[in-house]
Amino acid sequence: MKNTNLTDRCMIAEWEKQYGILMSFPHEETDWYDPLMPKSLNEALSPFIRIAQAIAYKAPVYIVCKDKTKIASMFCSTRNMTFIELPTNDTWIRDYGYISIREGGEKKLLDFTFNGWGGKFDARLDNRVNRLLYEKGYLGTTPLETIDFVLEGGSIESDGDGTILTTSRCLCNPNRNSGLTKSQIEEKLSAYLGTKRVLWLDHGYLAGDDTDSHIDTLARFVNRDTIVYVQCRDRTDEHFEALRDMEEQLNTFRTEEGTPYQLIPLPMCEAKYGKNGQRLPATYANFLITNDALVYPTYNDRNDENVSSIFKAIYPEKEMIPVNCLKLIEEGGSLHCSTMQIAY
């Protein structure tokens, strides 16, 4: 549906030039730590270290952590890394980090309310991170606006030109903003992000996902005219019908100019299971676009190599950097969820 945007704001697309990437590392007071398994925290830190190293090869990384001396000592090189001690509840900074917009031709950072994915988890410390970072001066003189509205970074995709892709299951959920209607949500997105159009996906989910179907687990813009999405071809898989319906709806979407989007399917991972037998939300859609590289998740899966070829065809000029994210999905997220880009 199209909205009349009354501002000159626009949410910046992920592929636009970036100032740096935010990350937040596990510590003893997060769910990553198991007191009965002392090595569990080091195992959890491993993929975060690998992701940070991959990003820092080409771009600055700002790492929120409990003990910066300890975390810094785990890296062979800390080039392009800044370590910042702040209290946090969890590591999924995609959902409580800044959202970058342009307003009047200048960059601005938005600090939305984060309520732990609808009150599922304590998020009081995470909800303060943006303001504390800003007070410490890590973002320079870029203006910050704090907004009394629940919105997670992983729940929205921007094409950088006023179109937002999202899911109704998340944004219209009563556990976020008391269950606002699509029209009411569109008004909010128009006011805060300068949104002109919202493309609503009404189908699609991943088992084991606590986010109520974040868009960054299902479908992503890779440019203004192209959407990549998770495709399930196994009729025996529990996701088959929902992802088939999602694919059919994606085929009805049109660009602002009225042409169909180029749709590129990503393979569905083979089923991965946690220690208690629960299915884990493994998805190749949870990749990160940086200035010079595409950092994407792998899962010791037969599709890991296939997805690399797909991404390389989309971004032939970028370096492809895979990171094994099996450990991340044990806590419900993946690579994109653990990062948040700050636009230049």
# chains A, B, ... in the order shown; residues from 1 in each chain; ligands from 1
$ residues_around --residues "stretch 39-53 of chain A" --least-positions-apart "5" --cutoff "10 Å" --atoms "only C-alpha atoms" --output "PyMOL selection string"
chain A and resi 21-28+30-34+58-63+71-72+74-81+91+288+295-297+321-328+330-331+334-336+338-339
$ select_by_dssp --residues "stretch 101-152 of chain A" --states "strand (DSSP E or B)" --output "PyMOL selection string"
chain A and resi 101-103+106-113+144-150
$ write_last_selection --atoms "C-alpha atoms" --output "PDB file, in the first residue's frame"
ATOM      1  CA  ILE A 101      17.977   7.453   7.843  1.00  0.00           C
ATOM      2  CA  ARG A 102      18.576  10.560   5.763  1.00  0.00           C
ATOM      3  CA  GLU A 103      16.682  13.730   6.546  1.00  0.00           C
ATOM      4  CA  GLU A 106      21.948  14.542   6.233  1.00  0.00           C
ATOM      5  CA  LYS A 107      22.322  11.267   8.131  1.00  0.00           C
ATOM      6  CA  LYS A 108      20.310  10.799  11.297  1.00  0.00           C
ATOM      7  CA  LEU A 109      20.157   7.880  13.764  1.00  0.00           C
ATOM      8  CA  LEU A 110      16.881   6.601  15.158  1.00  0.00           C
ATOM      9  CA  ASP A 111      16.601   4.849  18.525  1.00  0.00           C
ATOM     10  CA  PHE A 112      13.348   2.881  18.597  1.00  0.00           C
ATOM     11  CA  THR A 113      11.959   1.067  21.635  1.00  0.00           C
ATOM     12  CA  LEU A 144      19.981  10.999  17.412  1.00  0.00           C
ATOM     13  CA  GLU A 145      16.209  10.756  17.815  1.00  0.00           C
ATOM     14  CA  THR A 146      14.693   8.443  20.434  1.00  0.00           C
ATOM     15  CA  ILE A 147      11.222   7.215  19.483  1.00  0.00           C
ATOM     16  CA  ASP A 148       8.524   5.730  21.719  1.00  0.00           C
ATOM     17  CA  PHE A 149       7.541   3.040  19.232  1.00  0.00           C
ATOM     18  CA  VAL A 150       8.548  -0.630  19.193  1.00  0.00           C
TER      19      VAL A 150
END
$ closest_residue --among "A:Leu133, A:Ala219, A:Ile164, A:Leu36" --to "A:His203" --atoms "only C-alpha atoms"
A:Ala219
$ closest_residue --among "A:Trp15, A:Phe83, A:Tyr299, A:Trp117" --to "A:Asp212" --atoms "only C-alpha atoms"
A:Trp117
$ residues_around --residues "A:Arg254" --least-positions-apart "3" --cutoff "12 Å" --atoms "only C-alpha atoms" --output "VMD selection string"
chain A and resid 1 to 2 163 165 197 to 200 224 to 227 249 to 251 257 to 263
$ write_last_selection --atoms "C-alpha atoms" --output "PDB file, in the first residue's frame"
ATOM      1  CA  MET A   1       0.000   0.000   0.000  1.00  0.00           C
ATOM      2  CA  LYS A   2       1.237   3.496  -0.809  1.00  0.00           C
ATOM      3  CA  THR A 163       9.842   1.148   0.023  1.00  0.00           C
ATOM      4  CA  LEU A 165       9.434  -4.864   3.000  1.00  0.00           C
ATOM      5  CA  ARG A 197       5.207   2.158   0.282  1.00  0.00           C
ATOM      6  CA  VAL A 198       5.002  -0.926   2.485  1.00  0.00           C
ATOM      7  CA  LEU A 199       5.131  -4.407   0.973  1.00  0.00           C
ATOM      8  CA  TRP A 200       3.474  -6.737   3.486  1.00  0.00           C
ATOM      9  CA  ARG A 224      15.925  -1.647  -5.684  1.00  0.00           C
ATOM     10  CA  ASP A 225      14.598  -4.190  -8.160  1.00  0.00           C
ATOM     11  CA  THR A 226      15.652  -7.536  -6.675  1.00  0.00           C
ATOM     12  CA  ILE A 227      14.502  -9.594  -3.690  1.00  0.00           C
ATOM     13  CA  GLN A 249       2.801 -13.336  -2.688  1.00  0.00           C
ATOM     14  CA  LEU A 250       6.281 -12.107  -3.618  1.00  0.00           C
ATOM     15  CA  ASN A 251       5.365 -12.728  -7.246  1.00  0.00           C
ATOM     16  CA  GLU A 257       7.568   1.852 -11.392  1.00  0.00           C
ATOM     17  CA  GLY A 258       5.068  -0.997 -11.641  1.00  0.00           C
ATOM     18  CA  THR A 259       7.359  -3.772 -12.861  1.00  0.00           C
ATOM     19  CA  PRO A 260       7.697  -7.192 -11.183  1.00  0.00           C
ATOM     20  CA  TYR A 261      10.656  -7.652  -8.870  1.00  0.00           C
ATOM     21  CA  GLN A 262      13.441  -9.953  -9.922  1.00  0.00           C
ATOM     22  CA  LEU A 263      13.089 -12.806  -7.442  1.00  0.00           C
TER      23      LEU A 263
END
$ closest_residue --among "A:Thr69, A:Ser309, A:Thr142, A:Asn286" --to "A:Tyr19" --atoms "only C-alpha atoms"
A:Thr142
$ atom_distance --atom1 "atom CA of A:His214" --atom2 "atom CA of A:Thr166"
7.5 Å
$ closest_residue --among "A:Lys196, A:Asn177, A:Thr255, A:Asn276" --to "A:Gly208" --atoms "only C-alpha atoms"
A:Asn276
$ residues_around --residues "A:Arg169" --least-positions-apart "2" --cutoff "12 Å" --atoms "only C-alpha atoms" --output "PyMOL selection string"
chain A and resi 118+155+166-167+171-176+179-182+200-205+210-215
$ write_last_selection --atoms "N, CA and C atoms" --output "mmCIF file, in the first residue's frame"
data_model
loop_
_atom_site.group_PDB
_atom_site.id
_atom_site.type_symbol
_atom_site.label_atom_id
_atom_site.label_comp_id
_atom_site.auth_asym_id
_atom_site.auth_seq_id
_atom_site.Cartn_x
_atom_site.Cartn_y
_atom_site.Cartn_z
ATOM 1 N N GLY A 118 8.506 -8.606 21.883
ATOM 2 C CA GLY A 118 7.160 -8.749 22.419
ATOM 3 C C GLY A 118 7.120 -9.221 23.849
ATOM 4 N N SER A 155 13.160 -6.523 11.495
ATOM 5 C CA SER A 155 11.767 -6.667 11.053
ATOM 6 C C SER A 155 11.459 -5.864 9.795
ATOM 7 N N THR A 166 8.264 -5.976 4.829
ATOM 8 C CA THR A 166 8.125 -6.453 6.207
ATOM 9 C C THR A 166 7.097 -7.564 6.269
ATOM 10 N N THR A 167 6.840 -8.072 7.482
ATOM 11 C CA THR A 167 5.835 -9.117 7.665
ATOM 12 C C THR A 167 4.731 -8.624 8.595
ATOM 13 N N LEU A 171 5.018 -7.014 12.650
ATOM 14 C CA LEU A 171 4.698 -5.611 12.924
ATOM 15 C C LEU A 171 3.283 -5.394 13.434
ATOM 16 N N CYS A 172 2.353 -6.254 13.065
ATOM 17 C CA CYS A 172 0.969 -6.106 13.538
ATOM 18 C C CYS A 172 0.676 -6.970 14.761
ATOM 19 N N ASN A 173 1.713 -7.586 15.311
ATOM 20 C CA ASN A 173 1.531 -8.455 16.464
ATOM 21 C C ASN A 173 1.134 -7.632 17.692
ATOM 22 N N PRO A 174 0.127 -8.065 18.457
ATOM 23 C CA PRO A 174 -0.276 -7.323 19.663
ATOM 24 C C PRO A 174 0.842 -7.159 20.682
ATOM 25 N N ASN A 175 1.883 -7.997 20.617
ATOM 26 C CA ASN A 175 2.963 -7.904 21.598
ATOM 27 C C ASN A 175 3.965 -6.792 21.280
ATOM 28 N N ARG A 176 3.799 -6.098 20.167
ATOM 29 C CA ARG A 176 4.706 -5.003 19.827
ATOM 30 C C ARG A 176 4.099 -3.641 20.197
ATOM 31 N N GLY A 179 -0.958 -4.161 18.848
ATOM 32 C CA GLY A 179 -1.690 -4.687 17.712
ATOM 33 C C GLY A 179 -2.263 -3.642 16.786
ATOM 34 N N LEU A 180 -1.459 -2.669 16.376
ATOM 35 C CA LEU A 180 -1.922 -1.676 15.413
ATOM 36 C C LEU A 180 -2.245 -2.334 14.078
ATOM 37 N N THR A 181 -3.147 -1.734 13.324
ATOM 38 C CA THR A 181 -3.499 -2.253 11.999
ATOM 39 C C THR A 181 -2.387 -1.923 11.008
ATOM 40 N N LYS A 182 -2.475 -2.528 9.840
ATOM 41 C CA LYS A 182 -1.497 -2.233 8.797
ATOM 42 C C LYS A 182 -1.488 -0.738 8.454
ATOM 43 N N TRP A 200 3.769 -5.869 2.348
ATOM 44 C CA TRP A 200 3.474 -6.737 3.486
ATOM 45 C C TRP A 200 3.513 -8.198 3.073
ATOM 46 N N LEU A 201 4.382 -8.972 3.681
ATOM 47 C CA LEU A 201 4.339 -10.421 3.524
ATOM 48 C C LEU A 201 3.453 -11.001 4.624
ATOM 49 N N ASP A 202 2.450 -11.748 4.225
ATOM 50 C CA ASP A 202 1.496 -12.315 5.173
ATOM 51 C C ASP A 202 1.745 -13.794 5.443
ATOM 52 N N HIS A 203 2.783 -14.345 4.819
ATOM 53 C CA HIS A 203 3.079 -15.761 4.970
ATOM 54 C C HIS A 203 4.569 -15.951 5.208
ATOM 55 N N GLY A 204 4.924 -17.094 5.766
ATOM 56 C CA GLY A 204 6.321 -17.425 5.965
ATOM 57 C C GLY A 204 6.732 -17.365 7.428
ATOM 58 N N TYR A 205 7.479 -18.385 7.857
ATOM 59 C CA TYR A 205 8.009 -18.424 9.221
ATOM 60 C C TYR A 205 9.159 -19.411 9.237
ATOM 61 N N ASP A 210 12.212 -16.736 17.501
ATOM 62 C CA ASP A 210 11.495 -16.013 18.558
ATOM 63 C C ASP A 210 10.987 -14.648 18.112
ATOM 64 N N THR A 211 11.253 -14.265 16.861
ATOM 65 C CA THR A 211 10.999 -12.882 16.445
ATOM 66 C C THR A 211 9.622 -12.662 15.832
ATOM 67 N N ASP A 212 8.811 -13.699 15.738
ATOM 68 C CA ASP A 212 7.518 -13.592 15.049
ATOM 69 C C ASP A 212 7.711 -13.242 13.582
ATOM 70 N N SER A 213 8.608 -13.972 12.930
ATOM 71 C CA SER A 213 8.832 -13.861 11.481
ATOM 72 C C SER A 213 9.471 -12.544 11.053
ATOM 73 N N HIS A 214 10.663 -12.284 11.555
ATOM 74 C CA HIS A 214 11.423 -11.150 11.043
ATOM 75 C C HIS A 214 11.687 -11.331 9.555
ATOM 76 N N ILE A 215 11.608 -10.235 8.835
ATOM 77 C CA ILE A 215 11.807 -10.280 7.392
ATOM 78 C C ILE A 215 13.222 -10.728 7.039
#
$ closest_residue --among "A:Gly277, A:Gly119, A:Gly153, A:Gly137" --to "A:Ser100" --atoms "only C-alpha atoms"
A:Gly153
$ atom_distance --atom1 "atom CA of A:Ile84" --atom2 "atom CA of A:Pro143"
20.0 Å
$ closest_residue --among "A:Phe240, A:Phe221, A:Tyr315, A:Tyr229" --to "A:Asp159" --atoms "only C-alpha atoms"
A:Phe221
$ select_by_dssp --residues "stretch 39-76 of chain A" --states "alpha helix (DSSP H)" --output "number ranges by chain"
A: 40-56, 68-72
$ write_last_selection --atoms "N, CA and C atoms" --output "PDB file, in the first residue's frame"
ATOM      1  N   SER A  40      31.196 -23.052  27.636  1.00  0.00           N
ATOM      2  CA  SER A  40      30.100 -22.664  26.747  1.00  0.00           C
ATOM      3  C   SER A  40      30.241 -21.234  26.243  1.00  0.00           C
ATOM      4  N   LEU A  41      30.749 -20.346  27.094  1.00  0.00           N
ATOM      5  CA  LEU A  41      30.874 -18.951  26.681  1.00  0.00           C
ATOM      6  C   LEU A  41      31.933 -18.786  25.596  1.00  0.00           C
ATOM      7  N   ASN A  42      33.071 -19.449  25.750  1.00  0.00           N
ATOM      8  CA  ASN A  42      34.104 -19.371  24.719  1.00  0.00           C
ATOM      9  C   ASN A  42      33.609 -19.946  23.393  1.00  0.00           C
ATOM     10  N   GLU A  43      32.823 -21.009  23.464  1.00  0.00           N
ATOM     11  CA  GLU A  43      32.244 -21.582  22.247  1.00  0.00           C
ATOM     12  C   GLU A  43      31.291 -20.590  21.591  1.00  0.00           C
ATOM     13  N   ALA A  44      30.528 -19.878  22.418  1.00  0.00           N
ATOM     14  CA  ALA A  44      29.601 -18.884  21.886  1.00  0.00           C
ATOM     15  C   ALA A  44      30.338 -17.703  21.276  1.00  0.00           C
ATOM     16  N   LEU A  45      31.452 -17.319  21.880  1.00  0.00           N
ATOM     17  CA  LEU A  45      32.210 -16.166  21.381  1.00  0.00           C
ATOM     18  C   LEU A  45      32.854 -16.443  20.027  1.00  0.00           C
ATOM     19  N   SER A  46      33.111 -17.681  19.719  1.00  0.00           N
ATOM     20  CA  SER A  46      33.843 -18.032  18.503  1.00  0.00           C
ATOM     21  C   SER A  46      33.227 -17.457  17.224  1.00  0.00           C
ATOM     22  N   PRO A  47      31.916 -17.657  16.956  1.00  0.00           N
ATOM     23  CA  PRO A  47      31.366 -17.075  15.725  1.00  0.00           C
ATOM     24  C   PRO A  47      31.327 -15.553  15.743  1.00  0.00           C
ATOM     25  N   PHE A  48      31.164 -14.944  16.911  1.00  0.00           N
ATOM     26  CA  PHE A  48      31.176 -13.485  16.990  1.00  0.00           C
ATOM     27  C   PHE A  48      32.555 -12.951  16.614  1.00  0.00           C
ATOM     28  N   ILE A  49      33.591 -13.618  17.095  1.00  0.00           N
ATOM     29  CA  ILE A  49      34.959 -13.215  16.760  1.00  0.00           C
ATOM     30  C   ILE A  49      35.191 -13.349  15.259  1.00  0.00           C
ATOM     31  N   ARG A  50      34.734 -14.452  14.693  1.00  0.00           N
ATOM     32  CA  ARG A  50      34.905 -14.673  13.251  1.00  0.00           C
ATOM     33  C   ARG A  50      34.158 -13.618  12.438  1.00  0.00           C
ATOM     34  N   ILE A  51      32.942 -13.282  12.842  1.00  0.00           N
ATOM     35  CA  ILE A  51      32.163 -12.257  12.129  1.00  0.00           C
ATOM     36  C   ILE A  51      32.870 -10.904  12.218  1.00  0.00           C
ATOM     37  N   ALA A  52      33.315 -10.544  13.421  1.00  0.00           N
ATOM     38  CA  ALA A  52      34.004  -9.266  13.606  1.00  0.00           C
ATOM     39  C   ALA A  52      35.273  -9.200  12.763  1.00  0.00           C
ATOM     40  N   GLN A  53      36.027 -10.286  12.714  1.00  0.00           N
ATOM     41  CA  GLN A  53      37.244 -10.315  11.903  1.00  0.00           C
ATOM     42  C   GLN A  53      36.924 -10.155  10.428  1.00  0.00           C
ATOM     43  N   ALA A  54      35.863 -10.813   9.984  1.00  0.00           N
ATOM     44  CA  ALA A  54      35.478 -10.723   8.580  1.00  0.00           C
ATOM     45  C   ALA A  54      35.102  -9.301   8.195  1.00  0.00           C
ATOM     46  N   ILE A  55      34.378  -8.630   9.078  1.00  0.00           N
ATOM     47  CA  ILE A  55      33.961  -7.260   8.792  1.00  0.00           C
ATOM     48  C   ILE A  55      35.145  -6.302   8.869  1.00  0.00           C
ATOM     49  N   ALA A  56      35.963  -6.468   9.905  1.00  0.00           N
ATOM     50  CA  ALA A  56      37.075  -5.545  10.147  1.00  0.00           C
ATOM     51  C   ALA A  56      38.135  -5.588   9.056  1.00  0.00           C
ATOM     52  N   LYS A  68      36.321  -5.217  27.852  1.00  0.00           N
ATOM     53  CA  LYS A  68      36.996  -4.977  26.568  1.00  0.00           C
ATOM     54  C   LYS A  68      38.414  -5.540  26.533  1.00  0.00           C
ATOM     55  N   THR A  69      39.091  -5.582  27.666  1.00  0.00           N
ATOM     56  CA  THR A  69      40.445  -6.156  27.689  1.00  0.00           C
ATOM     57  C   THR A  69      40.398  -7.638  27.372  1.00  0.00           C
ATOM     58  N   LYS A  70      39.455  -8.338  27.978  1.00  0.00           N
ATOM     59  CA  LYS A  70      39.308  -9.772  27.738  1.00  0.00           C
ATOM     60  C   LYS A  70      38.943 -10.056  26.287  1.00  0.00           C
ATOM     61  N   ILE A  71      37.971  -9.322  25.755  1.00  0.00           N
ATOM     62  CA  ILE A  71      37.518  -9.572  24.384  1.00  0.00           C
ATOM     63  C   ILE A  71      38.613  -9.220  23.385  1.00  0.00           C
ATOM     64  N   ALA A  72      39.277  -8.106  23.581  1.00  0.00           N
ATOM     65  CA  ALA A  72      40.339  -7.701  22.652  1.00  0.00           C
ATOM     66  C   ALA A  72      41.463  -8.735  22.605  1.00  0.00           C
TER      67      ALA A  72
END
$ residues_around --residues "A:Val129" --least-positions-apart "5" --cutoff "8 Å" --atoms "only C-alpha atoms" --output "ChimeraX atom specification"
/A:86-88,96-97
$ decode --residues "stretch 55-154 of chain A" --atoms "C-alpha atoms" --output "mmCIF file, in the first residue's frame"
data_model
loop_
_atom_site.group_PDB
_atom_site.id
_atom_site.type_symbol
_atom_site.label_atom_id
_atom_site.label_comp_id
_atom_site.auth_asym_id
_atom_site.auth_seq_id
_atom_site.Cartn_x
_atom_site.Cartn_y
_atom_site.Cartn_z
ATOM 1 C CA ILE A 55 33.961 -7.260 8.792
ATOM 2 C CA ALA A 56 37.075 -5.545 10.147
ATOM 3 C CA TYR A 57 39.073 -6.737 7.164
ATOM 4 C CA LYS A 58 37.291 -4.021 5.164
ATOM 5 C CA ALA A 59 35.305 -1.831 7.595
ATOM 6 C CA PRO A 60 35.307 -0.472 11.167
ATOM 7 C CA VAL A 61 33.592 -2.618 13.814
ATOM 8 C CA TYR A 62 32.279 -1.231 17.114
ATOM 9 C CA ILE A 63 32.051 -4.077 19.641
ATOM 10 C CA VAL A 64 29.849 -3.639 22.715
ATOM 11 C CA CYS A 65 31.094 -5.961 25.460
ATOM 12 C CA LYS A 66 31.356 -6.420 29.219
ATOM 13 C CA ASP A 67 35.163 -6.624 29.465
ATOM 14 C CA LYS A 68 36.996 -4.977 26.568
ATOM 15 C CA THR A 69 40.445 -6.156 27.689
ATOM 16 C CA LYS A 70 39.308 -9.772 27.738
ATOM 17 C CA ILE A 71 37.518 -9.572 24.384
ATOM 18 C CA ALA A 72 40.339 -7.701 22.652
ATOM 19 C CA SER A 73 42.827 -10.357 23.810
ATOM 20 C CA MET A 74 40.906 -12.994 21.844
ATOM 21 C CA PHE A 75 41.778 -11.417 18.498
ATOM 22 C CA CYS A 76 45.023 -11.893 16.600
ATOM 23 C CA SER A 77 44.592 -8.354 15.300
ATOM 24 C CA THR A 78 42.300 -5.572 16.515
ATOM 25 C CA ARG A 79 42.759 -3.391 13.445
ATOM 26 C CA ASN A 80 39.535 -1.524 12.599
ATOM 27 C CA MET A 81 37.993 -2.573 15.938
ATOM 28 C CA THR A 82 36.743 -0.422 18.806
ATOM 29 C CA PHE A 83 35.742 -2.100 22.084
ATOM 30 C CA ILE A 84 33.078 -0.413 24.219
ATOM 31 C CA GLU A 85 32.080 -1.559 27.701
ATOM 32 C CA LEU A 86 28.318 -1.339 28.207
ATOM 33 C CA PRO A 87 25.795 -3.507 30.103
ATOM 34 C CA THR A 88 23.588 -5.664 27.844
ATOM 35 C CA ASN A 89 20.976 -8.400 28.134
ATOM 36 C CA ASP A 90 21.711 -10.094 24.828
ATOM 37 C CA THR A 91 23.711 -9.988 21.603
ATOM 38 C CA TRP A 92 21.139 -9.370 18.866
ATOM 39 C CA ILE A 93 22.030 -5.751 18.159
ATOM 40 C CA ARG A 94 20.250 -5.809 14.796
ATOM 41 C CA ASP A 95 17.058 -5.386 16.767
ATOM 42 C CA TYR A 96 18.062 -2.722 19.274
ATOM 43 C CA GLY A 97 20.817 -0.874 17.388
ATOM 44 C CA TYR A 98 20.407 2.404 15.535
ATOM 45 C CA ILE A 99 18.402 2.615 12.317
ATOM 46 C CA SER A 100 20.054 4.992 9.857
ATOM 47 C CA ILE A 101 17.977 7.453 7.843
ATOM 48 C CA ARG A 102 18.576 10.560 5.763
ATOM 49 C CA GLU A 103 16.682 13.730 6.546
ATOM 50 C CA GLY A 104 17.237 16.925 4.630
ATOM 51 C CA GLY A 105 20.213 15.315 2.913
ATOM 52 C CA GLU A 106 21.948 14.542 6.233
ATOM 53 C CA LYS A 107 22.322 11.267 8.131
ATOM 54 C CA LYS A 108 20.310 10.799 11.297
ATOM 55 C CA LEU A 109 20.157 7.880 13.764
ATOM 56 C CA LEU A 110 16.881 6.601 15.158
ATOM 57 C CA ASP A 111 16.601 4.849 18.525
ATOM 58 C CA PHE A 112 13.348 2.881 18.597
ATOM 59 C CA THR A 113 11.959 1.067 21.635
ATOM 60 C CA PHE A 114 13.036 -2.566 21.989
ATOM 61 C CA ASN A 115 10.848 -4.787 24.180
ATOM 62 C CA GLY A 116 12.552 -8.169 23.803
ATOM 63 C CA TRP A 117 10.495 -9.383 20.816
ATOM 64 C CA GLY A 118 7.160 -8.749 22.419
ATOM 65 C CA GLY A 119 8.158 -9.216 26.051
ATOM 66 C CA LYS A 120 9.630 -12.701 25.571
ATOM 67 C CA PHE A 121 12.947 -11.687 27.179
ATOM 68 C CA ASP A 122 14.290 -8.956 29.460
ATOM 69 C CA ALA A 123 15.554 -6.115 27.265
ATOM 70 C CA ARG A 124 15.894 -3.176 29.650
ATOM 71 C CA LEU A 125 19.673 -2.946 29.263
ATOM 72 C CA ASP A 126 19.601 -3.497 25.496
ATOM 73 C CA ASN A 127 17.043 -0.720 25.150
ATOM 74 C CA ARG A 128 19.568 1.749 26.645
ATOM 75 C CA VAL A 129 22.559 0.852 24.457
ATOM 76 C CA ASN A 130 21.929 3.418 21.709
ATOM 77 C CA ARG A 131 21.656 6.329 24.117
ATOM 78 C CA LEU A 132 24.736 5.267 26.091
ATOM 79 C CA LEU A 133 26.786 4.875 22.903
ATOM 80 C CA TYR A 134 25.670 8.296 21.805
ATOM 81 C CA GLU A 135 26.535 9.871 25.163
ATOM 82 C CA LYS A 136 30.030 8.396 24.903
ATOM 83 C CA GLY A 137 30.494 10.159 21.545
ATOM 84 C CA TYR A 138 31.183 7.125 19.366
ATOM 85 C CA LEU A 139 28.903 8.408 16.608
ATOM 86 C CA GLY A 140 30.342 11.904 16.521
ATOM 87 C CA THR A 141 27.872 14.719 15.959
ATOM 88 C CA THR A 142 25.307 12.693 14.012
ATOM 89 C CA PRO A 143 21.847 13.619 15.360
ATOM 90 C CA LEU A 144 19.981 10.999 17.412
ATOM 91 C CA GLU A 145 16.209 10.756 17.815
ATOM 92 C CA THR A 146 14.693 8.443 20.434
ATOM 93 C CA ILE A 147 11.222 7.215 19.483
ATOM 94 C CA ASP A 148 8.524 5.730 21.719
ATOM 95 C CA PHE A 149 7.541 3.040 19.232
ATOM 96 C CA VAL A 150 8.548 -0.630 19.193
ATOM 97 C CA LEU A 151 10.476 -1.455 16.022
ATOM 98 C CA GLU A 152 13.285 -3.954 15.475
ATOM 99 C CA GLY A 153 15.896 -3.601 12.758
ATOM 100 C CA GLY A 154 15.479 -7.208 11.659
#
